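Everything below concerns the one structure shown next.
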Amino acid sequence: MPCGSTEPPATSEPAIRVEDLQITYRTTSERSVANGHRLARLLRSKRQLQVVEALRGVSFEVPRGTVLGIVGHNGSGKSTLLRVLAGVLHPTVGSVEVYGRVTPLLSLGVGFNAMLSGRDNIILGGLCAGMSVEETRAKSDEIIEFSELGDAIDRPIRTYSNGMYSRLGFSVAALLEPEIILIDEVLAAGDAGFMLKCAAKIQELAAADTTVILVSHVLGVLRSLSDTVMWMKDGKVLDVGDPYEVVGEFMDDEGLDRDDLDRLDDWVAEWARKL
Amino acid sequence: MTNMPPTTTRVPTVYRGTASRVPPLRPYFRRLFGARALIGNLARTNLKARHYDTALGQLWLILGPLLLAGVYLLLRLVLRPAGSAEEAKAIVAQMVMGVFVFQFVSGVIVGGGSSILNNKGLLLNSSTPRMVYPAVGTAEQAFDLGTMLVVLFAIRLVLQQPFTAWLLVLPVVLVLLAVFSFGLALMAATAAVYFRDTVNLLTYVTRVWLFVTPVLYTVDEIPENMRKFMAINPLYPFFAVLDAIFNGVRPQLGYLVWCAGWAAVALVLGLWYFLVKERDFALRIY
Ligand SMILES: Nc1ncnc2c1ncn2[C@@H]1O[C@H](COP(=O)(O)OP(=O)(O)O)[C@@H](O)[C@H]1O
Ligand SMILES: [Mg+2]
């Protein structure tokens, strides 16, 4: 199978086209202990530059209205890829074409503003997506209802659990009527009931011609929701193709038993409930 | 390079690996203008959140600068007592004005310095033009300054200070000053992404800047032989003009030209540095 490229049917319109995408992070790590004079720290911070090649030549295409699942080990570059598609990161090398409105990301760990309430974060999400305040307000009731967060919606999101957080993230992303929706691991943190609700929503969106990019470690759900699955490793695409086949290859590589998948899913769901 | 995410699916948003170049300006500023609701919303929520948990709450907005002006005033009057009650009143009015305006300048610059790092969550999750964040800080400071100007005019009324037609020049000077400060804020914001110590340093730099600017003393009090050195300070013409118009004296046109010049230089340099580096921000913060 050719590495890192799908051949979409000639008639289908592309939603996303990525060519030779490379992303290199540069971070200056600073000592956790603030030692030394200010000036000395200033000079030192410049020296401790860390270079991480998170994506190393990724190419693929996603036809409109399809669900692309992405699997890969932690650190393989999945979140980085989604950030590029969302327009957050710009390619170090290569090009990305995105056809249509993308939702802002609400990946685990980084909200928009942790000090603000869930409700205010929904407004921020809408505004970031280019909607007006009125449009977002009109949508927010629906989003809040879908998230089932209840009274917690008016609490600052820094008080949220991972599960509550993912509820908010998915609801914002799914209900802002995007043409392309990016979902990064938010499925695993919610409870089983919410995960099923999300799965149903994803199918509904895809049926309505929304393109879905789905990153999840809940391999069973990912496998059944996706039209195509892409396997990433060390910043490269190892394979793209039939969901069952590619997920299987990924599991082989991870040293997992393919038949264990159902049990693994149970385990992940159990683990997620404890979060 | 980065266009507004289109509503029609025909024209793609294209991101390409182009290192260190200024993006096409027209689409950029169209997107920035499109984000004005976001800027307003962020500024409003920040203003609401400030001093939220203190007993005196929003009152600190006025109390803070007033107390600061009070401290400097005390210092000044102890070091150099006023000759008469009239002179003392003039000094009070002049210094309160200077401290309020300087607070705006330093607030915009220091706030700009932390604006990118403080909005990490938003920055890592959306493709909004990054200039939104220093712009929000500037908008907040402008709101504060507006409030303080009301307080200032009340104080001047009580102290029976002159109100002349020259005050009509005030908006012009303040707009130029805001442009100047915003330009520096853009530079500070960019620099802080690369050197995290920038914000720490800025608080000291602005403090020193205060002492070499005619805020705590008047232009007239500067010895003649020192004045040409003072004139290289970009804030000098701004405060010279402010001094004049508040005292009901015609401001020197030359100073106003200098103000416009410094504002233009700061804005162009700030825009250039920010726009060249902007696409690199998300790769550098974590
Ligand atoms: N902001 C960042 N700064 C520096 N390195 C990063 C940053 N984000 C991710 N990385 C690194 O890039 C690689 C890919 O990370 P990521 O895209 O988050 O992987 P995944 O989502 O597949 O777990 C990892 O090695 C990670 O450490
Ligand atoms: Mg990830």
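As shown in the structure tokens, the chain order sets the letters A, B, ...; within each chain, residues go from 1, and ligands are also counted from 1 in the order they appear.
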Can you pull out every residue with an atom within 9 Å of ligand 1? Use only C-alpha atoms and all ligand atoms and format it as a count of residues only. 38
Only residues of chain B matter here; which ones have an atom within 8 Å of chain A, counting only C-alpha atoms? Give them as number ranges by chain. B: 5-19, 34-35, 37-38, 41, 119-128, 194-197, 279-280, 282-286
Selection near Arg250 (chain B), 12 Å with only C-alpha atoms, sequence-local residues under 2 positions removed, as an MDAnalysis selection string: chainID B and resid 164:170 240:248 252:256
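Counting from CA of Asp220 (chain B), the distance to CA of Val249 (chain B) is 13.1 Å.
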Write out as a tab-separated table a residue-level contact list of region 213-258 of chain B versus region 98-106 of chain B with cut-off 8 Å: for each qualifying residue the closest pair of atoms and the distance in Å to one decimal, counting only C-alpha atoms, rows sorted by chain and residue number upward.
```
residue	atom	partner	partner_atom	distance
B:Pro214	CA	B:Gly98	CA	7.9
B:Val215	CA	B:Gly98	CA	4.8
B:Leu216	CA	B:Gly98	CA	7.2
B:Phe239	CA	B:Gly98	CA	7.5
```
Going by DSSP on the backbone, which bits of region 118-194 of chain A are strand (DSSP E or B)? Write them as number ranges by chain, please. A: 156, 180-184
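Minimum distance to ligand 2 across A:Ile143, A:Leu214, A:Ile181, A:Ala200 (counting only C-alpha atoms and all ligand atoms) occurs at A:Leu214.
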Which residue, A:Ile70, A:Val229, A:Val247, A:Arg258, has the smallest gap to ligand 2 when you use only C-alpha atoms and all ligand atoms?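 Looking at the shortest contact to ligand 2, the residue is A:Ile70.
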DSSP on the backbone: what in region 154-230 of chain B comes out alpha helix (DSSP H), as JSON, numbers by chain? {"B": [154, 155, 156, 157, 158, 170, 171, 172, 173, 174, 175, 176, 177, 178, 179, 180, 181, 182, 183, 184, 185, 186, 187, 188, 189, 190, 191, 192, 193, 194, 198, 199, 200, 201, 202, 203, 204, 205, 206, 207, 208, 209, 210, 211, 227, 228, 229, 230]}
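Shortest atom-to-atom contact with Ala173 (chain A) among A:Ala189, A:Ile122, A:Ile153, A:Val58: A:Ile122, counting only C-alpha atoms.
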Show which residues sit within 12 Å of Glu142 (chain A), as a list in words. Count only C-alpha atoms, and ignore same-chain residues fewer than 6 positions away.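 What passes the distance filter is Arg119, Ile122, Glu135, Thr136, Glu148, Leu149, Leu168, Ser171, Val172, Ala174, Leu175, Leu176 and Glu177 of chain A.
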Spatial neighbours of region 195-199 of chain A, max dist 12 Å, only C-alpha atoms, sep filter under 6 positions, as a PyMOL selection string: chain A and resi 67+146-148+163+166-175+183+185-189+205-206+212+214+216+218+220-226+265+268-269+272-273
